[in-house]
Structures are given as structure tokens and as C-alpha cells.
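S.K.: Input: one structure, supplied below.
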Amino acid sequence: MLTKAQRATITPSGPPSSPRLRLAPTRAASAVLDGGWWPRSWDPVAELPGLVAALDARYGPIRLLMLNSDTWDVRFRRLAMPTHVVRTGWFANVDPGIVVATTERGDQIDLLVVPPDTLTALAEAAMTAAADPSNHLHPAEILNDPPATPQPRRTGAEEAPAS
């Protein structure tokens, strides 16, 4: 449980973890999502610093994150990063399958949030679909009906002989 002072501004105690993140190669105006993120837990203190650091490196400083208030373990108002502070907004009406990041320039980055307990193959497929600039599926569609994972192709020589 965080104290009132801790809820105000969180300062990560160590280096951020490396996020499991897949971003679209380019931002497409018609895409629903800009990528997918697979956190290791629902602990935002552990998970958000790595995500913000990766997004900062790609898009420039992140100034705001919007997340679903019912999905995450704790809530706080600000996240202190080494070079800036990121405001956090927790809303019941934000889709639990998404995190919205806003850059200093005002660009909005919408990321699919794959639940931490998702099987690896399904999580990878969901992040790949979310990072596809031609994707027009919404988070619930990707998470509830994950894209098929590619199966290894078989050649005729590998097939079992008919009996």
C-alpha cells in the first residue's frame, strides 16, 4: 500500500526493466493502434518506467499516460523519470486493453496492453497485430480473438508417408 505522499509522485528505485514492446515501423493515420506492450505484472511502479523510457527514446519525452483505473494494482499522479516527470491519469472509462501516451509535442500513442498472464505465443501474435500499420482491429478484438500464430511450413519431404 502506498502512502499519500508516495501516491503523489513515484520515483523508481532502480533502472527500468526492459519492456516487452512492439511498435509500428511508422505511424499510420488510419491505424487503430501504434503497437503492443506486454507488461510482466499489473504493478505500474515496476512496469511503467521501462515503457516510458522506450517511448521517450522513440517519440520524444512522454508527458502523460492514461490507463484504466480498475486494471492496475496501484495509482499515482506522477512518475519521476531521469529527465522529466510524467503525469498519470487513471480512468474507469479507458479501455483496460489500452494505454494512451501523449508526447511533449502532443502526439498520441495508443498501445495494446496484453495481460501479463497471456501465453507467450498469443502475446507475441497480439503485439505483432497491434504494431501492424494496416491493422484495423480494436484492443478487445485482438485480445478476445488473437490472431493465428504462424505455423511452420511443411514441405512434401517432411510429411509422413501415407499407409
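Residues in the C-alpha cells are numbered from 1 in each chain, the chains being A, B, ... in the order shown, and ligands are numbered from 1 in the order shown.
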Using 12 Å as the limit and counting only C-alpha atoms, can you tabulate each residue of range 37-72 of chain A that touches range 121-124 of chain A, with its shortest atom-to-atom distance in Å and the two atoms involved, as JSON lines?
M.R.:
```
{"residue": "A:Trp37", "atom": "CA", "partner": "A:Ala123", "partner_atom": "CA", "distance": 8.9}
{"residue": "A:Trp38", "atom": "CA", "partner": "A:Ala123", "partner_atom": "CA", "distance": 7.0}
{"residue": "A:Pro39", "atom": "CA", "partner": "A:Ala123", "partner_atom": "CA", "distance": 10.2}
{"residue": "A:Arg40", "atom": "CA", "partner": "A:Ala123", "partner_atom": "CA", "distance": 11.3}
```
S.K.: Please produce, as JSON lines, a per-residue contact table for range 32-68 of chain A versus range 128-145 of chain A (criterion: any atom at most 12 Å away, only C-alpha atoms considered), showing the nearest atom pair and its distance in Å to one decimal, sorted by chain then residue number.
M.R.:
```
{"residue": "A:Val32", "atom": "CA", "partner": "A:His136", "partner_atom": "CA", "distance": 5.5}
{"residue": "A:Leu33", "atom": "CA", "partner": "A:Ala130", "partner_atom": "CA", "distance": 5.7}
{"residue": "A:Asp34", "atom": "CA", "partner": "A:Ala131", "partner_atom": "CA", "distance": 5.7}
{"residue": "A:Gly35", "atom": "CA", "partner": "A:Ala131", "partner_atom": "CA", "distance": 3.8}
{"residue": "A:Gly36", "atom": "CA", "partner": "A:Ala130", "partner_atom": "CA", "distance": 5.3}
{"residue": "A:Trp37", "atom": "CA", "partner": "A:Ala130", "partner_atom": "CA", "distance": 9.0}
{"residue": "A:Trp38", "atom": "CA", "partner": "A:Thr128", "partner_atom": "CA", "distance": 11.2}
```
S.K.: Could you check the closest approach to Thr118 in chain A for each of A:Ala29, A:Ser13, A:Ser41, A:Thr102 and tell me which residue wins, using only C-alpha atoms?
M.R.: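 Looking only at the distances to Thr118 in chain A, the closest residue turns out to be A:Ser41.
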S.K.: Taking 2 positions as the minimum chain separation for residues in the same chain, which residues sit within 9 Å of Pro61 in chain A when counting only C-alpha atoms? Answer as a PyMOL selection string.
M.R.: chain A and resi 52-53+55-59+63+83-84+86+102-105
S.K.: I'd like to know which residues of range 5-160 of chain A are helix (DSSP H, G or I) (by DSSP, run on the backbone); could you write them as a ChimeraX atom specification?
M.R.: /A:5-8,44-59,120-130,139-144,156-158
S.K.: Those selected residues, please, written with C-alpha atoms and delivered as a JSON list (two decimals), in the first residue's frame.
M.R.:
```json
[["chain", "number", "residue", "atom", "x", "y", "z"],
["A", 5, "ALA", "CA", 2.98, 11.17, -0.39],
["A", 6, "GLN", "CA", 4.04, 8.16, -2.46],
["A", 7, "ARG", "CA", 0.82, 8.30, -4.48],
["A", 8, "ALA", "CA", 1.62, 11.87, -5.46],
["A", 44, "PRO", "CA", 2.66, 0.19, -12.59],
["A", 45, "VAL", "CA", 5.60, 1.17, -10.35],
["A", 46, "ALA", "CA", 7.57, -1.76, -11.80],
["A", 47, "GLU", "CA", 6.24, -1.63, -15.37],
["A", 48, "LEU", "CA", 5.70, 1.99, -16.43],
["A", 49, "PRO", "CA", 9.28, 3.35, -16.11],
["A", 50, "GLY", "CA", 10.59, 0.91, -18.74],
["A", 51, "LEU", "CA", 7.69, 1.65, -21.06],
["A", 52, "VAL", "CA", 8.14, 5.42, -20.72],
["A", 53, "ALA", "CA", 11.91, 5.14, -21.31],
["A", 54, "ALA", "CA", 11.33, 3.16, -24.52],
["A", 55, "LEU", "CA", 8.65, 5.56, -25.76],
["A", 56, "ASP", "CA", 10.83, 8.58, -24.87],
["A", 57, "ALA", "CA", 13.64, 7.12, -27.00],
["A", 58, "ARG", "CA", 11.34, 6.58, -29.97],
["A", 59, "TYR", "CA", 8.92, 9.54, -29.87],
["A", 120, "THR", "CA", 3.89, -16.26, -24.97],
["A", 121, "ALA", "CA", 2.76, -17.26, -28.46],
["A", 122, "LEU", "CA", -0.57, -15.45, -28.06],
["A", 123, "ALA", "CA", 1.08, -12.35, -26.57],
["A", 124, "GLU", "CA", 3.61, -12.19, -29.41],
["A", 125, "ALA", "CA", 0.85, -12.56, -32.01],
["A", 126, "ALA", "CA", -1.26, -9.87, -30.34],
["A", 127, "MET", "CA", 1.67, -7.42, -30.17],
["A", 128, "THR", "CA", 2.54, -8.12, -33.81],
["A", 129, "ALA", "CA", -1.06, -7.44, -34.87],
["A", 130, "ALA", "CA", -1.18, -4.23, -32.82],
["A", 139, "PRO", "CA", -7.88, -4.00, -28.47],
["A", 140, "ALA", "CA", -10.80, -6.20, -27.40],
["A", 141, "GLU", "CA", -10.93, -7.79, -30.85],
["A", 142, "ILE", "CA", -7.23, -8.63, -30.74],
["A", 143, "LEU", "CA", -7.27, -9.86, -27.15],
["A", 144, "ASN", "CA", -10.52, -11.83, -27.33],
["A", 156, "GLY", "CA", 6.32, -32.59, -49.11],
["A", 157, "ALA", "CA", 9.52, -34.34, -47.99],
["A", 158, "GLU", "CA", 8.68, -33.70, -44.32]]
```
S.K.: Report the residues of chain A whose backbone DSSP state falls under strand (DSSP E or B), written as a ChimeraX atom specification.
M.R.: /A:9-10,21-23,35-37,62-68,78-80,85-91,98-103,108-113
S.K.: Take the residues that were just selected and, keeping C-alpha atoms, output them as a tab-separated table (two decimals), in the first residue's frame.
M.R.:
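Final file, result30.tsv:
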```
chain	number	residue	atom	x	y	z
A	9	THR	CA	4.92	11.22	-7.29
A	10	ILE	CA	6.59	7.86	-7.78
A	21	LEU	CA	7.11	-3.83	-26.64
A	22	ARG	CA	6.44	-3.92	-30.34
A	23	LEU	CA	5.90	-0.62	-32.15
A	35	GLY	CA	1.89	-1.03	-31.12
A	36	GLY	CA	1.57	-3.56	-28.36
A	37	TRP	CA	3.01	-3.85	-24.86
A	62	ILE	CA	6.22	11.46	-22.81
A	63	ARG	CA	4.24	13.94	-20.70
A	64	LEU	CA	1.04	11.98	-19.92
A	65	LEU	CA	-0.11	8.38	-19.58
A	66	MET	CA	-3.78	7.41	-19.40
A	67	LEU	CA	-4.64	3.99	-18.02
A	68	ASN	CA	-7.64	2.04	-16.81
A	78	ARG	CA	3.17	11.47	-11.42
A	79	LEU	CA	6.09	9.28	-12.42
A	80	ALA	CA	9.54	10.84	-11.99
A	85	VAL	CA	8.03	13.99	-14.86
A	86	VAL	CA	5.16	12.09	-16.50
A	87	ARG	CA	1.62	12.76	-15.33
A	88	THR	CA	-0.62	9.71	-14.98
A	89	GLY	CA	-4.36	9.68	-15.38
A	90	TRP	CA	-6.41	6.74	-14.13
A	91	PHE	CA	-9.89	6.43	-15.63
A	98	ILE	CA	-5.00	0.07	-23.91
A	99	VAL	CA	-2.55	2.63	-22.55
A	100	VAL	CA	-2.54	6.08	-24.11
A	101	ALA	CA	0.70	8.07	-24.07
A	102	THR	CA	0.95	11.71	-25.07
A	103	THR	CA	4.26	13.27	-26.08
A	108	GLN	CA	-0.96	10.46	-29.04
A	109	ILE	CA	0.39	6.90	-28.95
A	110	ASP	CA	-2.18	4.15	-28.40
A	111	LEU	CA	-0.76	0.82	-27.27
A	112	LEU	CA	-2.46	-2.52	-26.82
A	113	VAL	CA	-1.85	-3.84	-23.28
```
S.K.: Just how far from CA of Asp95 in chain A is CA of Pro116 in chain A, in Å to one decimal?
M.R.: 16.0 Å
